[in-house]
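Novice: After the structure tokens below, expect a handful of questions from me.
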Amino acid sequence: MLKKFNLFHSILGIFFKNRPYDEKTVKISEQEYYVRGITLDDIKDLLSIEREVYAGELPWTKTAFLVELQAAEPHLYLLIQKEGKTIGFIGCRIFDKDAHITNVAVAMQNQGKGIGSFLIREVQQFARINNCEKISLEVRISNKNAQRVYRQLGFVSNTIKPHYYTENKEDALEMILSLKEE
Ligand SMILES: CC(C)(COP(=O)(O)OP(=O)(O)OC[C@H]1O[C@@H](n2cnc3c(N)ncnc32)[C@H](O)[C@@H]1OP(=O)(O)O)[C@@H](O)C(=O)NCCC(=O)NCCS
């Protein structure tokens, strides 16, 4: 069973590895949203979500987005829209067998509706297709809300990275979701 499962993902990988993300309409708790890959033209909308949700912290700059969207490693950057307005996004870049979530944010008014969890599951699918063994991310030690969402999705705490965030020297908690089959 396990071997067949792995073989299935390897075959999927051959076909889907470097394919662009197929845009789609999705339903999350009875609400309809539109999801697609991020392009350079979207950066200004992402910056405004960043400024809203990371007020007083360290929002990404335009350069940070440009670097990520043009990274040489396999990566997935998705946004989600409601009635034409971008309300959330996620980014991940693959390093070896690790799909690292570089950023995930949902606009304040749309939080708690299952959108963040949906975006993380899309990354999970991308990671499997690319034969990753785990998904990793860093989260502020004080960001208990986000940690709870990750835990609900199966992430476990790994290590603490001291003084990871430069602006206030806050520690980061590294969290990992193993994709290895038992
Ligand atoms: C962390 C973040 C990305 C999570 O996204 P989200 O869309 O709010 O997450 P979800 O809605 O999937 O899950 C949040 C909660 O809503 C619940 N939920 C899921 N679907 C729901 C629905 N349809 N209606 C109401 N609640 C729902 C989840 O069970 C979870 O419950 P909990 O509060 O008991 O843990 C988002 O809160 C955010 O952008 N925060 C600010 C930026 C940030 O901290 N980013 C992460 C940096 S590491």
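Labeling convention for the structure tokens: chains A, B, ... as they appear, residues from 1 per chain, ligands from 1 in order of appearance.
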May I have a table of the residues of chain A lying at most 8 Å from ligand 1, giving each one's closest pair of atoms and their distance in Å to one decimal, counting only C-alpha atoms and all ligand atoms, ordered by chain and ascending residue number, as a Markdown table?
Specialist:
| residue | atom | partner | partner_atom_place_in_ligand_line | distance |
| --- | --- | --- | --- | --- |
| A:Ile28 | CA | ligand 1 | 23 (N) | 6.6 |
| A:Ser29 | CA | ligand 1 | 23 (N) | 4.7 |
| A:Glu50 | CA | ligand 1 | 42 (C) | 7.8 |
| A:Val53 | CA | ligand 1 | 41 (C) | 5.0 |
| A:Tyr54 | CA | ligand 1 | 42 (C) | 6.3 |
| A:Gly88 | CA | ligand 1 | 39 (O) | 7.4 |
| A:Asn103 | CA | ligand 1 | 47 (C) | 6.3 |
| A:Val104 | CA | ligand 1 | 3 (C) | 5.1 |
| A:Ala105 | CA | ligand 1 | 39 (O) | 3.3 |
| A:Val106 | CA | ligand 1 | 39 (O) | 3.7 |
| A:Ala107 | CA | ligand 1 | 39 (O) | 6.1 |
| A:Met108 | CA | ligand 1 | 39 (O) | 6.9 |
| A:Asn110 | CA | ligand 1 | 7 (O) | 6.5 |
| A:Gln111 | CA | ligand 1 | 8 (O) | 3.4 |
| A:Gly112 | CA | ligand 1 | 11 (O) | 3.2 |
| A:Lys113 | CA | ligand 1 | 22 (C) | 3.5 |
| A:Gly114 | CA | ligand 1 | 12 (O) | 3.2 |
| A:Ile115 | CA | ligand 1 | 7 (O) | 3.9 |
| A:Gly116 | CA | ligand 1 | 5 (O) | 3.4 |
| A:Ser117 | CA | ligand 1 | 12 (O) | 3.7 |
| A:Phe118 | CA | ligand 1 | 12 (O) | 6.4 |
| A:Leu137 | CA | ligand 1 | 48 (S) | 6.9 |
| A:Glu138 | CA | ligand 1 | 48 (S) | 5.8 |
| A:Val139 | CA | ligand 1 | 48 (S) | 4.0 |
| A:Arg140 | CA | ligand 1 | 48 (S) | 6.5 |
| A:Asn143 | CA | ligand 1 | 44 (O) | 6.3 |
| A:Asn145 | CA | ligand 1 | 1 (C) | 6.3 |
| A:Ala146 | CA | ligand 1 | 1 (C) | 3.9 |
| A:Gln147 | CA | ligand 1 | 1 (C) | 7.5 |
| A:Arg148 | CA | ligand 1 | 35 (O) | 5.0 |
| A:Val149 | CA | ligand 1 | 35 (O) | 4.9 |
| A:Gln152 | CA | ligand 1 | 35 (O) | 7.0 |
Novice: Keeping only N, CA and C atoms, write the selected residues as a compact mmCIF listing (two decimals), in the first residue's frame.
Specialist:
# COMPACT_ATOMS: atom_id res chain seq x y z
N ILE A 28 -14.76 27.30 0.24
CA ILE A 28 -14.26 27.07 1.59
C ILE A 28 -15.40 27.47 2.52
N SER A 29 -15.93 26.52 3.26
CA SER A 29 -17.10 26.76 4.13
C SER A 29 -18.20 27.53 3.39
N GLU A 50 0.37 42.77 3.62
CA GLU A 50 1.52 42.71 4.54
C GLU A 50 1.49 43.85 5.56
N VAL A 53 -1.40 43.19 8.13
CA VAL A 53 -1.30 42.11 9.13
C VAL A 53 0.00 42.13 9.94
N TYR A 54 1.03 42.75 9.39
CA TYR A 54 2.30 42.80 10.13
C TYR A 54 2.59 44.21 10.64
N GLY A 88 -5.60 37.16 0.44
CA GLY A 88 -4.60 36.34 1.12
C GLY A 88 -3.61 35.77 0.12
N ASN A 103 6.10 32.70 3.50
CA ASN A 103 5.17 33.74 3.92
C ASN A 103 3.74 33.22 3.76
N VAL A 104 2.89 33.57 4.68
CA VAL A 104 1.46 33.28 4.52
C VAL A 104 0.70 34.36 5.28
N ALA A 105 -0.27 34.95 4.63
CA ALA A 105 -1.03 36.01 5.29
C ALA A 105 -2.43 36.09 4.70
N VAL A 106 -3.38 36.34 5.59
CA VAL A 106 -4.78 36.51 5.19
C VAL A 106 -5.23 37.85 5.77
N ALA A 107 -5.87 38.67 4.94
CA ALA A 107 -6.32 39.99 5.38
C ALA A 107 -7.20 39.84 6.61
N MET A 108 -7.03 40.77 7.52
CA MET A 108 -7.65 40.71 8.84
C MET A 108 -9.13 40.25 8.83
N ASN A 110 -10.78 38.59 6.86
CA ASN A 110 -11.04 37.27 6.29
C ASN A 110 -10.38 36.14 7.07
N GLN A 111 -9.76 36.48 8.18
CA GLN A 111 -9.11 35.44 8.99
C GLN A 111 -10.16 34.60 9.71
N GLY A 112 -9.80 33.36 10.04
CA GLY A 112 -10.70 32.49 10.80
C GLY A 112 -11.81 31.88 9.96
N LYS A 113 -11.61 31.90 8.62
CA LYS A 113 -12.64 31.33 7.73
C LYS A 113 -12.11 30.10 6.98
N GLY A 114 -10.94 29.66 7.37
CA GLY A 114 -10.38 28.46 6.75
C GLY A 114 -9.48 28.74 5.56
N ILE A 115 -9.23 30.03 5.26
CA ILE A 115 -8.45 30.37 4.06
C ILE A 115 -6.96 30.01 4.22
N GLY A 116 -6.40 30.38 5.38
CA GLY A 116 -4.99 30.06 5.62
C GLY A 116 -4.76 28.55 5.56
N SER A 117 -5.66 27.79 6.18
CA SER A 117 -5.52 26.32 6.17
C SER A 117 -5.61 25.80 4.75
N PHE A 118 -6.53 26.36 3.96
CA PHE A 118 -6.66 25.93 2.57
C PHE A 118 -5.34 26.17 1.81
N LEU A 137 8.48 25.92 8.43
CA LEU A 137 8.25 27.37 8.49
C LEU A 137 8.77 27.91 9.81
N GLU A 138 8.96 29.21 9.85
CA GLU A 138 9.29 29.87 11.11
C GLU A 138 8.13 30.76 11.50
N VAL A 139 7.86 30.80 12.79
CA VAL A 139 6.78 31.65 13.29
C VAL A 139 7.26 32.32 14.58
N ARG A 140 6.83 33.57 14.77
CA ARG A 140 7.22 34.28 15.98
C ARG A 140 6.74 33.50 17.21
N ASN A 143 3.41 34.53 18.32
CA ASN A 143 2.27 34.41 17.39
C ASN A 143 1.51 33.09 17.63
N ASN A 145 -1.67 32.48 17.63
CA ASN A 145 -2.76 32.22 16.68
C ASN A 145 -2.28 31.38 15.51
N ALA A 146 -1.20 31.85 14.88
CA ALA A 146 -0.67 31.13 13.72
C ALA A 146 -0.19 29.74 14.15
N GLN A 147 0.47 29.65 15.31
CA GLN A 147 0.97 28.34 15.76
C GLN A 147 -0.18 27.35 15.93
N ARG A 148 -1.33 27.85 16.42
CA ARG A 148 -2.48 26.96 16.61
C ARG A 148 -3.01 26.44 15.27
N VAL A 149 -3.04 27.33 14.28
CA VAL A 149 -3.48 26.91 12.94
C VAL A 149 -2.54 25.82 12.41
N GLN A 152 -3.04 22.49 14.17
CA GLN A 152 -4.27 21.81 13.72
C GLN A 152 -4.04 21.09 12.40
Novice: Return the single residue from A:Ile176, A:Val123, A:Ala71, A:Ile135 that is closest to A:His100, with distances computed using only C-alpha atoms.
Specialist: A:Ile135
Novice: Ranking A:Trp60, A:Leu69, A:Lys82, A:Phe95 by minimum distance to A:Gln31 and counting only C-alpha atoms, which one comes first?
Specialist: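 When distances to A:Gln31 are compared using only C-alpha atoms, the smallest one comes from A:Lys82.
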Novice: Got a sec: who's within 9 Å of A:Ser178, counting only C-alpha atoms, leaving out chain neighbours fewer than 5 positions off, as an MDAnalysis selection string?
Specialist: chainID A and resid 133:136 154:156
Novice: Can you write out the residues you just picked, keeping N, CA and C atoms, as a PDB file, in the first residue's frame?
Specialist:
ATOM      1  N   GLU A 133      10.065  15.743   1.710  1.00  0.00           N
ATOM      2  CA  GLU A 133       9.855  14.914   2.897  1.00  0.00           C
ATOM      3  C   GLU A 133       9.183  15.695   4.015  1.00  0.00           C
ATOM      4  N   LYS A 134       9.232  17.028   3.900  1.00  0.00           N
ATOM      5  CA  LYS A 134       8.611  17.831   4.969  1.00  0.00           C
ATOM      6  C   LYS A 134       8.277  19.227   4.463  1.00  0.00           C
ATOM      7  N   ILE A 135       7.434  19.887   5.252  1.00  0.00           N
ATOM      8  CA  ILE A 135       7.173  21.308   5.053  1.00  0.00           C
ATOM      9  C   ILE A 135       7.663  21.996   6.321  1.00  0.00           C
ATOM     10  N   SER A 136       8.346  23.108   6.174  1.00  0.00           N
ATOM     11  CA  SER A 136       8.841  23.810   7.357  1.00  0.00           C
ATOM     12  C   SER A 136       8.450  25.282   7.289  1.00  0.00           C
ATOM     13  N   GLY A 154      -1.239  19.628  11.639  1.00  0.00           N
ATOM     14  CA  GLY A 154      -0.301  18.523  11.851  1.00  0.00           C
ATOM     15  C   GLY A 154       1.148  18.943  12.026  1.00  0.00           C
ATOM     16  N   PHE A 155       1.419  20.252  11.995  1.00  0.00           N
ATOM     17  CA  PHE A 155       2.793  20.716  12.213  1.00  0.00           C
ATOM     18  C   PHE A 155       3.173  20.496  13.674  1.00  0.00           C
ATOM     19  N   VAL A 156       4.448  20.187  13.891  1.00  0.00           N
ATOM     20  CA  VAL A 156       4.944  20.077  15.266  1.00  0.00           C
ATOM     21  C   VAL A 156       6.115  21.044  15.444  1.00  0.00           C
TER      22      VAL A 156
END
Novice: Within 10 Å of A:Thr102, counting only C-alpha atoms, which residues qualify if same-chain residues fewer than 5 places away don't, as a PyMOL selection string?
Specialist: chain A and resi 68+75+77+90-94+136-138
Novice: Tell me, as number ranges by chain, which residues lie within 8 Å of A:Arg36, counting only C-alpha atoms; anything in the same chain fewer than 6 positions away does not count.
Specialist: A: 21-24, 78-80
Novice: Tell me, which residues of stretch 109-159 of chain A carry DSSP helix (DSSP H, G or I), written as an mmCIF file with C-alpha atoms, in the first residue's frame?
Specialist:
data_model
loop_
_atom_site.group_PDB
_atom_site.id
_atom_site.type_symbol
_atom_site.label_atom_id
_atom_site.label_comp_id
_atom_site.auth_asym_id
_atom_site.auth_seq_id
_atom_site.Cartn_x
_atom_site.Cartn_y
_atom_site.Cartn_z
ATOM 1 C CA GLN A 109 -11.392 40.640 8.010
ATOM 2 C CA ASN A 110 -11.044 37.269 6.290
ATOM 3 C CA ILE A 115 -8.450 30.370 4.059
ATOM 4 C CA GLY A 116 -4.994 30.059 5.624
ATOM 5 C CA SER A 117 -5.522 26.324 6.170
ATOM 6 C CA PHE A 118 -6.658 25.929 2.568
ATOM 7 C CA LEU A 119 -3.530 27.693 1.258
ATOM 8 C CA ILE A 120 -1.260 25.514 3.401
ATOM 9 C CA ARG A 121 -2.973 22.390 2.024
ATOM 10 C CA GLU A 122 -2.259 23.602 -1.514
ATOM 11 C CA VAL A 123 1.427 23.906 -0.578
ATOM 12 C CA GLN A 124 1.231 20.405 0.900
ATOM 13 C CA GLN A 125 0.072 19.053 -2.463
ATOM 14 C CA PHE A 126 2.854 20.939 -4.286
ATOM 15 C CA ALA A 127 5.414 19.570 -1.809
ATOM 16 C CA ARG A 128 4.249 15.988 -2.343
ATOM 17 C CA ILE A 129 4.373 16.336 -6.125
ATOM 18 C CA LYS A 144 0.117 31.838 19.179
ATOM 19 C CA ASN A 145 -2.755 32.219 16.681
ATOM 20 C CA ALA A 146 -0.671 31.127 13.725
ATOM 21 C CA GLN A 147 0.972 28.339 15.764
ATOM 22 C CA ARG A 148 -2.484 26.960 16.611
ATOM 23 C CA VAL A 149 -3.482 26.906 12.939
ATOM 24 C CA TYR A 150 -0.261 25.062 12.032
ATOM 25 C CA ARG A 151 -0.714 22.543 14.874
ATOM 26 C CA GLN A 152 -4.266 21.815 13.717
#
Novice: How many Å separate atom CA of A:Pro162 from atom CA of A:Leu177?
Specialist: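 Taking atom CA of A:Pro162 as the start and atom CA of A:Leu177 as the end point, the length is 20.9 Å.
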Novice: Would you mind telling me which residue in A:Leu153, A:Leu40, A:Ile49, A:Cys132 lies nearest to A:Thr86 when using only C-alpha atoms?
Specialist: A:Ile49
Novice: What is the distance between atom CA of A:Lys62 and atom CA of A:Thr159, in Å to one decimal?
Specialist: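 Going from atom CA of A:Lys62 over to atom CA of A:Thr159 covers 29.2 Å.
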Novice: Considering only C-alpha atoms, can you say which of A:Glu174, A:Glu181, A:Ser142, A:Ser157 comes closest to A:Glu57?
Specialist: A:Ser142
Novice: Among the residues of stretch 1-164 of chain A, find those DSSP assigns to strand (DSSP E) from the backbone and print them as number ranges by chain.
Specialist: A: 24-28, 31-37, 75-82, 85-95, 98-106, 134-140, 156-164
Novice: Do a neighbour search on A:Gly84 at 10 Å with only C-alpha atoms, toss out local chain neighbours closer than 3 positions, and write the hits as a PyMOL selection string.
Specialist: chain A and resi 33-34+80-81+87
Novice: Kindly save the residues from that selection, with N, CA and C atoms included, as a PDB file, in the first residue's frame.
Specialist:
ATOM      1  N   TYR A  33     -14.226  31.310  -3.658  1.00  0.00           N
ATOM      2  CA  TYR A  33     -13.009  32.111  -3.821  1.00  0.00           C
ATOM      3  C   TYR A  33     -12.334  31.693  -5.124  1.00  0.00           C
ATOM      4  N   TYR A  34     -11.431  32.564  -5.583  1.00  0.00           N
ATOM      5  CA  TYR A  34     -10.670  32.272  -6.795  1.00  0.00           C
ATOM      6  C   TYR A  34      -9.188  32.225  -6.400  1.00  0.00           C
ATOM      7  N   ILE A  80      -5.322  34.349  -3.181  1.00  0.00           N
ATOM      8  CA  ILE A  80      -6.732  33.985  -3.144  1.00  0.00           C
ATOM      9  C   ILE A  80      -7.543  35.275  -3.169  1.00  0.00           C
ATOM     10  N   GLN A  81      -8.603  35.261  -3.989  1.00  0.00           N
ATOM     11  CA  GLN A  81      -9.422  36.469  -4.136  1.00  0.00           C
ATOM     12  C   GLN A  81     -10.876  36.193  -3.801  1.00  0.00           C
ATOM     13  N   ILE A  87      -7.253  38.717  -1.005  1.00  0.00           N
ATOM     14  CA  ILE A  87      -7.447  38.733   0.458  1.00  0.00           C
ATOM     15  C   ILE A  87      -6.444  37.842   1.193  1.00  0.00           C
TER      16      ILE A  87
END
